[in-house]
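Enquirer: My structure file run.pdb, PDB, C-alpha atoms, pLDDT in the B column, is below:
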```
ATOM      1  CA  MET A   1     126.791 140.997 -69.573  1.00 41.00           C
ATOM      2  CA  LEU A   2     124.697 141.094 -66.408  1.00 34.00           C
ATOM      3  CA  TRP A   3     122.531 138.293 -67.798  1.00 37.00           C
ATOM      4  CA  GLY A   4     125.653 136.159 -68.336  1.00 40.00           C
ATOM      5  CA  TRP A   5     126.775 136.597 -64.728  1.00 34.00           C
ATOM      6  CA  PHE A   6     123.240 135.815 -63.545  1.00 32.00           C
ATOM      7  CA  CYS A   7     123.136 132.551 -65.532  1.00 38.00           C
ATOM      8  CA  CYS A   8     126.559 131.572 -64.240  1.00 38.00           C
ATOM      9  CA  GLY A   9     125.407 132.180 -60.673  1.00 36.00           C
ATOM     10  CA  VAL A  10     122.285 130.087 -61.176  1.00 32.00           C
ATOM     11  CA  PHE A  11     124.332 127.218 -62.659  1.00 32.00           C
ATOM     12  CA  CYS A  12     126.783 127.260 -59.750  1.00 41.00           C
ATOM     13  CA  ALA A  13     123.959 127.320 -57.231  1.00 37.00           C
ATOM     14  CA  LEU A  14     122.290 124.320 -58.878  1.00 35.00           C
ATOM     15  CA  SER A  15     125.536 122.349 -58.931  1.00 43.00           C
ATOM     16  CA  LEU A  16     126.052 122.672 -55.171  1.00 47.00           C
ATOM     17  CA  PRO A  17     124.011 120.993 -52.421  1.00 51.00           C
ATOM     18  CA  ALA A  18     121.153 122.957 -50.909  1.00 50.00           C
ATOM     19  CA  SER A  19     123.040 123.040 -47.612  1.00 64.00           C
ATOM     20  CA  ALA A  20     126.708 122.312 -47.188  1.00 78.00           C
ATOM     21  CA  ASP A  21     127.685 119.779 -44.553  1.00 93.00           C
ATOM     22  CA  THR A  22     130.934 119.023 -42.748  1.00 96.00           C
ATOM     23  CA  VAL A  23     132.500 115.567 -42.491  1.00 98.00           C
ATOM     24  CA  SER A  24     135.018 114.606 -39.820  1.00 98.00           C
ATOM     25  CA  VAL A  25     137.749 112.453 -41.356  1.00 98.00           C
ATOM     26  CA  ALA A  26     140.462 110.370 -39.690  1.00 98.00           C
ATOM     27  CA  VAL A  27     143.363 110.059 -42.134  1.00 97.00           C
ATOM     28  CA  ALA A  28     146.551 107.984 -42.003  1.00 93.00           C
ATOM     29  CA  ALA A  29     149.661 110.173 -41.769  1.00 89.00           C
ATOM     30  CA  ASN A  30     151.107 108.998 -45.095  1.00 90.00           C
ATOM     31  CA  PHE A  31     148.138 110.557 -46.857  1.00 93.00           C
ATOM     32  CA  ILE A  32     148.581 114.149 -45.641  1.00 91.00           C
ATOM     33  CA  LYS A  33     149.588 115.768 -48.944  1.00 90.00           C
ATOM     34  CA  PRO A  34     146.998 114.173 -51.225  1.00 92.00           C
ATOM     35  CA  MET A  35     144.244 114.531 -48.624  1.00 95.00           C
ATOM     36  CA  LYS A  36     144.810 118.272 -48.340  1.00 95.00           C
ATOM     37  CA  LEU A  37     144.433 118.595 -52.105  1.00 94.00           C
ATOM     38  CA  ILE A  38     141.408 116.295 -52.155  1.00 95.00           C
ATOM     39  CA  ALA A  39     139.740 118.271 -49.351  1.00 96.00           C
ATOM     40  CA  ARG A  40     140.261 121.551 -51.181  1.00 96.00           C
ATOM     41  CA  GLN A  41     138.853 120.249 -54.450  1.00 96.00           C
ATOM     42  CA  PHE A  42     136.030 118.491 -52.625  1.00 97.00           C
ATOM     43  CA  THR A  43     134.898 121.793 -51.109  1.00 97.00           C
ATOM     44  CA  GLU A  44     135.251 123.677 -54.392  1.00 96.00           C
ATOM     45  CA  ILE A  45     133.148 121.162 -56.293  1.00 95.00           C
ATOM     46  CA  THR A  46     130.543 120.055 -53.744  1.00 95.00           C
ATOM     47  CA  GLY A  47     130.390 122.881 -51.202  1.00 96.00           C
ATOM     48  CA  HIS A  48     130.887 120.359 -48.381  1.00 97.00           C
ATOM     49  CA  HIS A  49     133.813 120.666 -45.984  1.00 97.00           C
ATOM     50  CA  ALA A  50     136.192 117.996 -44.694  1.00 97.00           C
ATOM     51  CA  GLN A  51     137.529 118.421 -41.164  1.00 97.00           C
ATOM     52  CA  ILE A  52     140.715 116.333 -41.157  1.00 97.00           C
ATOM     53  CA  SER A  53     142.660 114.695 -38.333  1.00 97.00           C
ATOM     54  CA  PHE A  54     145.958 112.989 -39.212  1.00 94.00           C
ATOM     55  CA  GLY A  55     147.777 110.302 -37.238  1.00 91.00           C
ATOM     56  CA  SER A  56     149.038 106.745 -37.284  1.00 88.00           C
ATOM     57  CA  SER A  57     146.417 104.234 -38.349  1.00 90.00           C
ATOM     58  CA  GLY A  58     146.818 102.431 -35.030  1.00 90.00           C
ATOM     59  CA  LYS A  59     146.132 105.498 -32.916  1.00 93.00           C
ATOM     60  CA  LEU A  60     143.219 106.641 -35.070  1.00 96.00           C
ATOM     61  CA  TYR A  61     141.725 103.166 -34.860  1.00 96.00           C
ATOM     62  CA  ALA A  62     141.994 103.242 -31.067  1.00 96.00           C
ATOM     63  CA  GLN A  63     140.342 106.665 -30.952  1.00 97.00           C
ATOM     64  CA  ILE A  64     137.455 105.458 -33.110  1.00 98.00           C
ATOM     65  CA  ARG A  65     136.937 102.447 -30.850  1.00 97.00           C
ATOM     66  CA  ASN A  66     136.898 104.797 -27.856  1.00 97.00           C
ATOM     67  CA  GLY A  67     134.153 106.953 -29.349  1.00 97.00           C
ATOM     68  CA  ALA A  68     136.012 109.703 -31.241  1.00 97.00           C
ATOM     69  CA  PRO A  69     133.446 111.493 -33.458  1.00 96.00           C
ATOM     70  CA  PHE A  70     134.958 110.557 -36.823  1.00 98.00           C
ATOM     71  CA  GLU A  71     132.654 109.786 -39.733  1.00 98.00           C
ATOM     72  CA  VAL A  72     135.131 108.557 -42.353  1.00 98.00           C
ATOM     73  CA  PHE A  73     138.361 106.616 -41.817  1.00 98.00           C
ATOM     74  CA  LEU A  74     141.157 106.480 -44.380  1.00 98.00           C
ATOM     75  CA  SER A  75     143.529 103.882 -43.001  1.00 96.00           C
ATOM     76  CA  ALA A  76     147.025 102.932 -44.183  1.00 92.00           C
ATOM     77  CA  ASP A  77     146.013  99.275 -44.153  1.00 94.00           C
ATOM     78  CA  GLN A  78     143.004  96.995 -44.559  1.00 95.00           C
ATOM     79  CA  SER A  79     142.935  95.241 -41.215  1.00 95.00           C
ATOM     80  CA  LYS A  80     141.675  98.165 -39.132  1.00 96.00           C
ATOM     81  CA  PRO A  81     138.710  99.109 -41.356  1.00 98.00           C
ATOM     82  CA  ILE A  82     137.807  95.409 -41.513  1.00 98.00           C
ATOM     83  CA  ALA A  83     137.965  95.186 -37.715  1.00 98.00           C
ATOM     84  CA  LEU A  84     135.704  98.240 -37.389  1.00 98.00           C
ATOM     85  CA  GLU A  85     133.178  96.581 -39.691  1.00 97.00           C
ATOM     86  CA  GLN A  86     133.250  93.437 -37.570  1.00 97.00           C
ATOM     87  CA  GLN A  87     132.760  95.493 -34.400  1.00 98.00           C
ATOM     88  CA  GLY A  88     129.727  97.295 -35.819  1.00 97.00           C
ATOM     89  CA  LEU A  89     131.535 100.644 -35.893  1.00 98.00           C
ATOM     90  CA  ALA A  90     131.542 100.961 -39.691  1.00 98.00           C
ATOM     91  CA  VAL A  91     128.808 100.767 -42.315  1.00 98.00           C
ATOM     92  CA  PRO A  92     128.738  97.320 -43.966  1.00 96.00           C
ATOM     93  CA  LYS A  93     129.893  97.179 -47.613  1.00 95.00           C
ATOM     94  CA  SER A  94     131.168 100.772 -47.545  1.00 97.00           C
ATOM     95  CA  ARG A  95     134.843  99.764 -47.405  1.00 97.00           C
ATOM     96  CA  PHE A  96     137.101  99.970 -50.473  1.00 96.00           C
ATOM     97  CA  THR A  97     140.808 100.213 -51.292  1.00 95.00           C
ATOM     98  CA  TYR A  98     141.519 103.826 -52.168  1.00 95.00           C
ATOM     99  CA  ALA A  99     145.299 103.534 -52.678  1.00 93.00           C
ATOM    100  CA  ILE A 100     148.250 101.167 -52.677  1.00 93.00           C
ATOM    101  CA  GLY A 101     151.244 102.721 -50.968  1.00 93.00           C
ATOM    102  CA  THR A 102     154.830 102.862 -52.181  1.00 93.00           C
ATOM    103  CA  LEU A 103     157.760 102.518 -49.785  1.00 96.00           C
ATOM    104  CA  ILE A 104     160.933 104.481 -50.495  1.00 96.00           C
ATOM    105  CA  LEU A 105     164.347 104.759 -48.886  1.00 98.00           C
ATOM    106  CA  TRP A 106     164.969 108.500 -48.950  1.00 97.00           C
ATOM    107  CA  SER A 107     167.483 111.155 -47.972  1.00 97.00           C
ATOM    108  CA  PRO A 108     167.417 114.922 -48.556  1.00 96.00           C
ATOM    109  CA  GLU A 109     171.057 114.622 -49.653  1.00 96.00           C
ATOM    110  CA  PRO A 110     170.987 114.638 -53.485  1.00 93.00           C
ATOM    111  CA  ILE A 111     173.493 111.889 -54.288  1.00 92.00           C
ATOM    112  CA  LEU A 112     173.569 109.802 -51.105  1.00 95.00           C
ATOM    113  CA  ILE A 113     171.218 107.004 -52.170  1.00 96.00           C
ATOM    114  CA  LYS A 114     171.681 105.112 -55.408  1.00 92.00           C
ATOM    115  CA  LYS A 115     168.799 103.262 -57.041  1.00 89.00           C
ATOM    116  CA  ASN A 116     169.620 100.045 -55.219  1.00 92.00           C
ATOM    117  CA  ALA A 117     170.153  98.563 -51.742  1.00 94.00           C
ATOM    118  CA  ASP A 118     173.880  99.372 -51.500  1.00 95.00           C
ATOM    119  CA  ILE A 119     173.597 101.940 -48.713  1.00 95.00           C
ATOM    120  CA  LEU A 120     171.448  99.587 -46.607  1.00 95.00           C
ATOM    121  CA  LEU A 121     173.748  96.625 -47.134  1.00 95.00           C
ATOM    122  CA  GLY A 122     176.855  98.677 -46.371  1.00 94.00           C
ATOM    123  CA  GLY A 123     175.388 100.571 -43.424  1.00 91.00           C
ATOM    124  CA  ASP A 124     176.892 103.826 -44.706  1.00 90.00           C
ATOM    125  CA  PHE A 125     174.650 106.184 -42.728  1.00 94.00           C
ATOM    126  CA  ASN A 126     174.304 107.414 -39.149  1.00 95.00           C
ATOM    127  CA  LYS A 127     170.602 106.820 -38.403  1.00 97.00           C
ATOM    128  CA  LEU A 128     167.654 105.382 -40.317  1.00 98.00           C
ATOM    129  CA  ALA A 129     164.122 106.526 -39.474  1.00 98.00           C
ATOM    130  CA  ILE A 130     161.045 104.328 -39.800  1.00 98.00           C
ATOM    131  CA  ALA A 131     157.483 104.526 -38.500  1.00 95.00           C
ATOM    132  CA  ASN A 132     156.599 102.462 -35.442  1.00 93.00           C
ATOM    133  CA  PRO A 133     155.914  98.998 -36.923  1.00 93.00           C
ATOM    134  CA  ARG A 134     153.413  98.206 -34.150  1.00 89.00           C
ATOM    135  CA  LEU A 135     151.221 101.124 -35.203  1.00 83.00           C
ATOM    136  CA  ALA A 136     152.014 101.991 -38.802  1.00 87.00           C
ATOM    137  CA  PRO A 137     151.807  99.716 -41.865  1.00 88.00           C
ATOM    138  CA  TYR A 138     154.724 101.520 -43.492  1.00 92.00           C
ATOM    139  CA  GLY A 139     156.832 100.688 -40.451  1.00 94.00           C
ATOM    140  CA  ARG A 140     155.895  97.012 -40.723  1.00 94.00           C
ATOM    141  CA  ALA A 141     156.740  97.094 -44.415  1.00 96.00           C
ATOM    142  CA  ALA A 142     160.187  98.533 -43.605  1.00 97.00           C
ATOM    143  CA  ILE A 143     160.907  95.647 -41.228  1.00 97.00           C
ATOM    144  CA  GLU A 144     159.845  93.184 -43.939  1.00 98.00           C
ATOM    145  CA  VAL A 145     162.384  94.775 -46.306  1.00 98.00           C
ATOM    146  CA  PHE A 146     165.175  94.443 -43.730  1.00 98.00           C
ATOM    147  CA  ASP A 147     164.226  90.794 -43.183  1.00 97.00           C
ATOM    148  CA  HIS A 148     164.256  90.049 -46.894  1.00 97.00           C
ATOM    149  CA  LEU A 149     167.692  91.663 -47.250  1.00 97.00           C
ATOM    150  CA  GLY A 150     168.998  89.813 -44.192  1.00 97.00           C
ATOM    151  CA  ILE A 151     170.103  92.985 -42.398  1.00 97.00           C
ATOM    152  CA  THR A 152     167.569  93.271 -39.570  1.00 96.00           C
ATOM    153  CA  GLU A 153     169.982  92.633 -36.706  1.00 95.00           C
ATOM    154  CA  GLN A 154     172.821  94.737 -38.043  1.00 94.00           C
ATOM    155  CA  ILE A 155     170.555  97.693 -38.735  1.00 95.00           C
ATOM    156  CA  LYS A 156     168.720  97.732 -35.366  1.00 95.00           C
ATOM    157  CA  PRO A 157     171.313  99.924 -33.543  1.00 96.00           C
ATOM    158  CA  LYS A 158     170.843 102.625 -36.180  1.00 97.00           C
ATOM    159  CA  LEU A 159     167.035 102.682 -36.202  1.00 97.00           C
ATOM    160  CA  ILE A 160     164.953 105.511 -34.795  1.00 97.00           C
ATOM    161  CA  GLN A 161     161.180 105.234 -34.771  1.00 96.00           C
ATOM    162  CA  GLY A 162     158.550 107.880 -35.300  1.00 95.00           C
ATOM    163  CA  GLN A 163     155.066 107.454 -33.878  1.00 90.00           C
ATOM    164  CA  ASN A 164     153.806 107.574 -37.466  1.00 89.00           C
ATOM    165  CA  ILE A 165     155.182 107.966 -40.974  1.00 92.00           C
ATOM    166  CA  ALA A 166     154.914 111.756 -40.793  1.00 91.00           C
ATOM    167  CA  GLN A 167     157.254 111.850 -37.791  1.00 95.00           C
ATOM    168  CA  ALA A 168     159.640 109.424 -39.501  1.00 96.00           C
ATOM    169  CA  TYR A 169     159.808 111.840 -42.429  1.00 96.00           C
ATOM    170  CA  GLN A 170     160.451 114.755 -40.056  1.00 96.00           C
ATOM    171  CA  PHE A 171     163.394 112.906 -38.525  1.00 97.00           C
ATOM    172  CA  VAL A 172     165.016 112.624 -41.943  1.00 97.00           C
ATOM    173  CA  SER A 173     164.136 116.048 -43.327  1.00 95.00           C
ATOM    174  CA  SER A 174     165.425 117.726 -40.139  1.00 95.00           C
ATOM    175  CA  GLY A 175     168.728 115.831 -40.218  1.00 94.00           C
ATOM    176  CA  ASN A 176     168.134 113.778 -37.066  1.00 95.00           C
ATOM    177  CA  ALA A 177     168.414 110.729 -39.308  1.00 97.00           C
ATOM    178  CA  GLN A 178     170.465 110.619 -42.475  1.00 97.00           C
ATOM    179  CA  VAL A 179     168.056 108.296 -44.279  1.00 98.00           C
ATOM    180  CA  GLY A 180     164.513 107.077 -43.767  1.00 98.00           C
ATOM    181  CA  MET A 181     162.126 104.407 -44.976  1.00 97.00           C
ATOM    182  CA  ILE A 182     159.082 106.541 -45.711  1.00 96.00           C
ATOM    183  CA  ALA A 183     155.990 106.744 -47.889  1.00 94.00           C
ATOM    184  CA  GLY A 184     156.581 107.662 -51.498  1.00 92.00           C
ATOM    185  CA  SER A 185     153.772 110.210 -51.261  1.00 90.00           C
ATOM    186  CA  GLN A 186     155.830 112.319 -48.854  1.00 92.00           C
ATOM    187  CA  VAL A 187     158.532 113.104 -51.413  1.00 93.00           C
ATOM    188  CA  THR A 188     156.622 112.788 -54.689  1.00 89.00           C
ATOM    189  CA  GLU A 189     155.269 115.534 -56.928  1.00 86.00           C
ATOM    190  CA  ASN A 190     153.617 114.761 -60.241  1.00 83.00           C
ATOM    191  CA  GLY A 191     154.919 111.209 -60.138  1.00 81.00           C
ATOM    192  CA  GLU A 192     158.578 112.137 -59.654  1.00 87.00           C
ATOM    193  CA  LEU A 193     160.968 112.429 -56.722  1.00 91.00           C
ATOM    194  CA  ALA A 194     160.712 116.078 -55.715  1.00 90.00           C
ATOM    195  CA  ARG A 195     164.107 116.434 -54.030  1.00 92.00           C
ATOM    196  CA  GLY A 196     166.975 114.533 -52.478  1.00 95.00           C
ATOM    197  CA  SER A 197     167.808 110.975 -53.485  1.00 96.00           C
ATOM    198  CA  GLY A 198     165.891 107.749 -53.078  1.00 96.00           C
ATOM    199  CA  TRP A 199     165.430 104.094 -53.900  1.00 96.00           C
ATOM    200  CA  VAL A 200     161.892 102.951 -54.583  1.00 94.00           C
ATOM    201  CA  ILE A 201     161.698  99.640 -52.758  1.00 96.00           C
ATOM    202  CA  PRO A 202     160.724  96.769 -55.089  1.00 95.00           C
ATOM    203  CA  LYS A 203     157.224  95.569 -54.276  1.00 93.00           C
ATOM    204  CA  ASN A 204     158.389  91.957 -53.924  1.00 95.00           C
ATOM    205  CA  LEU A 205     160.298  92.885 -50.745  1.00 97.00           C
ATOM    206  CA  TYR A 206     157.193  93.738 -48.684  1.00 97.00           C
ATOM    207  CA  SER A 207     153.523  92.940 -48.480  1.00 95.00           C
ATOM    208  CA  PRO A 208     151.257  95.243 -50.522  1.00 94.00           C
ATOM    209  CA  ILE A 209     150.289  98.328 -48.533  1.00 94.00           C
ATOM    210  CA  LYS A 210     146.603  98.301 -49.441  1.00 95.00           C
ATOM    211  CA  GLN A 211     144.948 101.319 -47.875  1.00 95.00           C
ATOM    212  CA  ASP A 212     141.222 101.053 -47.212  1.00 97.00           C
ATOM    213  CA  ALA A 213     138.610 103.728 -46.637  1.00 97.00           C
ATOM    214  CA  VAL A 214     135.383 103.095 -44.776  1.00 98.00           C
ATOM    215  CA  LEU A 215     132.252 104.989 -43.800  1.00 98.00           C
ATOM    216  CA  LEU A 216     131.989 104.917 -40.031  1.00 98.00           C
ATOM    217  CA  ALA A 217     128.710 104.348 -38.229  1.00 98.00           C
ATOM    218  CA  GLN A 218     128.647 107.939 -36.978  1.00 96.00           C
ATOM    219  CA  GLY A 219     128.692 109.191 -40.582  1.00 97.00           C
ATOM    220  CA  LYS A 220     125.979 106.871 -41.889  1.00 96.00           C
ATOM    221  CA  ASN A 221     123.447 109.677 -42.355  1.00 96.00           C
ATOM    222  CA  ASN A 222     125.910 112.430 -43.275  1.00 97.00           C
ATOM    223  CA  LEU A 223     125.623 113.328 -46.958  1.00 96.00           C
ATOM    224  CA  ALA A 224     129.056 114.973 -46.875  1.00 97.00           C
ATOM    225  CA  ALA A 225     130.651 111.755 -45.636  1.00 98.00           C
ATOM    226  CA  GLN A 226     129.064 109.736 -48.431  1.00 97.00           C
ATOM    227  CA  ALA A 227     130.008 112.382 -50.997  1.00 97.00           C
ATOM    228  CA  LEU A 228     133.633 112.443 -49.847  1.00 97.00           C
ATOM    229  CA  LEU A 229     134.062 108.695 -50.269  1.00 97.00           C
ATOM    230  CA  GLU A 230     132.531 108.863 -53.737  1.00 96.00           C
ATOM    231  CA  PHE A 231     134.790 111.816 -54.580  1.00 96.00           C
ATOM    232  CA  ILE A 232     137.880 109.795 -53.589  1.00 94.00           C
ATOM    233  CA  ARG A 233     136.671 106.803 -55.619  1.00 91.00           C
ATOM    234  CA  SER A 234     136.280 108.894 -58.769  1.00 88.00           C
ATOM    235  CA  ASN A 235     139.470 110.985 -58.547  1.00 83.00           C
ATOM    236  CA  ARG A 236     142.254 108.388 -58.702  1.00 80.00           C
ATOM    237  CA  SER A 237     144.441 110.655 -60.860  1.00 82.00           C
ATOM    238  CA  ILE A 238     145.214 112.740 -57.764  1.00 85.00           C
ATOM    239  CA  LEU A 239     146.714 109.682 -56.087  1.00 86.00           C
ATOM    240  CA  GLU A 240     149.059 108.933 -58.983  1.00 82.00           C
ATOM    241  CA  ARG A 241     150.604 112.380 -58.617  1.00 86.00           C
ATOM    242  CA  PHE A 242     151.754 111.415 -55.117  1.00 88.00           C
ATOM    243  CA  GLY A 243     153.263 108.032 -55.913  1.00 83.00           C
ATOM    244  CA  TYR A 244     150.339 105.748 -55.098  1.00 87.00           C
ATOM    245  CA  SER A 245     149.467 102.930 -57.436  1.00 72.00           C
ATOM    246  CA  ASP A 246     146.840 100.327 -58.186  1.00 54.00           C
ATOM    247  CA  HIS A 247     149.346  97.717 -59.356  1.00 41.00           C
ATOM    248  CA  SER A 248     152.608  96.336 -58.061  1.00 36.00           C
ATOM    249  CA  ASP A 249     155.046  97.414 -60.744  1.00 36.00           C
ATOM    250  CA  SER A 250     154.664 101.173 -60.569  1.00 34.00           C
ATOM    251  CA  GLY A 251     157.006 103.515 -58.777  1.00 35.00           C
ATOM    252  CA  LEU A 252     158.620 106.921 -58.779  1.00 35.00           C
ATOM    253  CA  GLN A 253     160.775 108.226 -61.574  1.00 33.00           C
ATOM    254  CA  LYS A 254     163.729 110.530 -61.350  1.00 31.00           C
TER     255      LYS A 254
END
```
Starting from the file, give its structure as structure tokens.
Expert:
Amino acid sequence: MLWGWFCCGVFCALSLPASADTVSVAVAANFIKPMKLIARQFTEITGHHAQISFGSSGKLYAQIRNGAPFEVFLSADQSKPIALEQQGLAVPKSRFTYAIGTLILWSPEPILIKKNADILLGGDFNKLAIANPRLAPYGRAAIEVFDHLGITEQIKPKLIQGQNIAQAYQFVSSGNAQVGMIAGSQVTENGELARGSGWVIPKNLYSPIKQDAVLLAQGKNNLAAQALLEFIRSNRSILERFGYSDHSDSGLQK
């Protein structure tokens, strides 16, 4: 029995790095739930640790440009990681699309939203929360949806903006807004709507929300940073549980 425990201990020791490192990660607010799970599994499997900071992609990008000590950036779009590459602040050829986001119109009220645009077209709600479209890709996508439906002007008086998609979700979940245009990942568990009611916005109503990850220059020599990006690349099944997709026709089920 003792020999069995000894062998198990030796195997575990060999499977972990000789010395565990920590990686500082800047993560778009829509990715909070999956990133927490990824970070936990990453530590369990590799022994490395991920120190995570969440925020809007725009603010995180500005912090990186101003010298914030992040080593990996998981953006909610492609443009900011590309810009960091062009500015010499990211490692060339390290960028890849780790997820494609899903936009959902959501309310915590169980039967408020049907699986169509009726509530938007009729304006039958008090306030609608979105992320700041100047900073957050999900906010820009929401505006695109309103434009496609031809309701942008009529809906403006009812809009409230969060600094990022996490704050937009808080506005709705707290009751400050009756409905919100949020990330599917915020209300998805195991590929299904966890609570409330929602309409998964058809992908033809907004530009694809391609979310890119990139190794930043400050993490170039950090083994934990490299390992984290590889871990995300090879664990796509985690993303599907939270409503992300790699193709345009997928969505949540209820």
Enquirer: Using only C-alpha atoms, find the one residue out of A:Gly123, A:Gly88, A:Pro81, A:Pro108 that sits nearest to Ile155 in chain A.
Expert: A:Gly123
Enquirer: Please write the residues picked by the PyMOL selection byres ((chain A and resi 129) around 9) on this file as JSON, numbers by chain.
Expert: {"A": [127, 128, 130, 131, 158, 159, 160, 161, 162, 167, 168, 169, 171, 172, 176, 177, 178, 179, 180, 181, 182]}
Enquirer: Separation of CA of Ile119 in chain A and CA of Ala29 in chain A, in Å?
Expert: 26.2 Å
Enquirer: For the provided coordinates, the residues matched by the PyMOL selection byres ((chain A and resi 58-60) around 10) should be stated as a VMD selection string.
Expert: chain A and resid 26 to 29 53 to 57 61 to 66 68 70 73 to 77 80 132 to 137 163 to 164
Enquirer: Here is a test: counting only C-alpha atoms, which residue of A:Pro92, A:Gly122, A:Gly101, A:Pro110 is nearest to Phe31 in chain A?
Expert: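 Checking each candidate against Phe31 in chain A, we get A:Gly101 as the closest.
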Enquirer: Expand the PyMOL selection byres ((chain A and resi 211) around 7) into the individual residues it matches in the shown file, reporting them as a list of chain:residue names.
Expert: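 Output from the PyMOL selection byres ((chain A and resi 211) around 7), applied to this file: A:Ser75, A:Ala76, A:Asp77, A:Gln78, A:Thr97, A:Tyr98, A:Ala99, A:Ile100, A:Ile209, A:Lys210, A:Asp212, A:Ala213.
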Enquirer: Looking at A:Gln186, A:Gln226, A:Gln86, A:Asn126, which one is nearest to Gly198 in chain A, with distances taken over only C-alpha atoms?
Expert: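 Among A:Gln186, A:Gln226, A:Gln86, A:Asn126, it is A:Gln186 that comes nearest to Gly198 in chain A.
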Enquirer: Could you tell me which of A:Tyr206, A:Gly184, A:Leu120, A:Gly219 comes closest to Gln154 in chain A if we count all atoms listed in the file?
Expert: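 Once distances to Gln154 in chain A are computed over all atoms listed in the file, the minimum belongs to A:Leu120.
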Enquirer: With only C-alpha atoms as the basis for distance, which of A:Asn204, A:Asn222, A:Ser234, A:Ser185 is at the shortest distance from Thr22 in chain A?
Expert: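 Closest candidate: A:Asn222.
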Enquirer: Record the distance separating CA of Phe146 in chain A and CA of Glu240 in chain A, expressed in Å with one decimal.
Expert: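 CA of Glu240 in chain A lies 26.5 Å from CA of Phe146 in chain A.
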Enquirer: List the neighbours of Phe242 in chain A out to 7 Å using all atoms listed in the file; skip same-chain residues closer than 2 positions along the sequence, and give me the result as a PyMOL selection string.
Expert: chain A and resi 34+185+188-191+239-240+244
Enquirer: Give me the residues within 12 Å of Val145 in chain A as number ranges by chain, counting only C-alpha atoms and dropping any in the same chain fewer than 5 places off.
Expert: A: 103-105, 117, 120-121, 130, 138-140, 150-152, 155, 181, 200-208
Enquirer: Would you kindly return, as a PDB file with C-alpha atoms, in the frame of the given file, each protein, DNA or RNA residue with an atom no farther than 9 Å from any atom of Arg40 in chain A, considering only C-alpha atoms and excluding same-chain residues fewer than 4 positions away?
Expert:
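Result file follows (result26.pdb):
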```pdb
ATOM      1  CA  MET A  35     144.244 114.531 -48.624  1.00 95.00           C
ATOM      2  CA  LYS A  36     144.810 118.272 -48.340  1.00 95.00           C
ATOM      3  CA  GLU A  44     135.251 123.677 -54.392  1.00 96.00           C
ATOM      4  CA  ILE A  45     133.148 121.162 -56.293  1.00 95.00           C
ATOM      5  CA  HIS A  49     133.813 120.666 -45.984  1.00 97.00           C
ATOM      6  CA  ALA A  50     136.192 117.996 -44.694  1.00 97.00           C
TER       7      ALA A  50
END
```
Enquirer: So the first atom is CA of Ser24 in chain A and the second is CA of Asn221 in chain A; what is the distance between them in Å, to one decimal place?
Expert: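 Result for CA of Ser24 in chain A versus CA of Asn221 in chain A: 12.8 Å, one decimal.
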Enquirer: Taking every listed atom of range 161-171 of chain A and adding 5 Å to each side, what centre and edge lengths in Å (one decimal) does the axis-aligned box have, as JSON?
Expert:
```
{"center_x": 158.6, "center_y": 110.0, "center_z": -38.2, "size_x": 19.6, "size_y": 19.5, "size_z": 18.6}
```
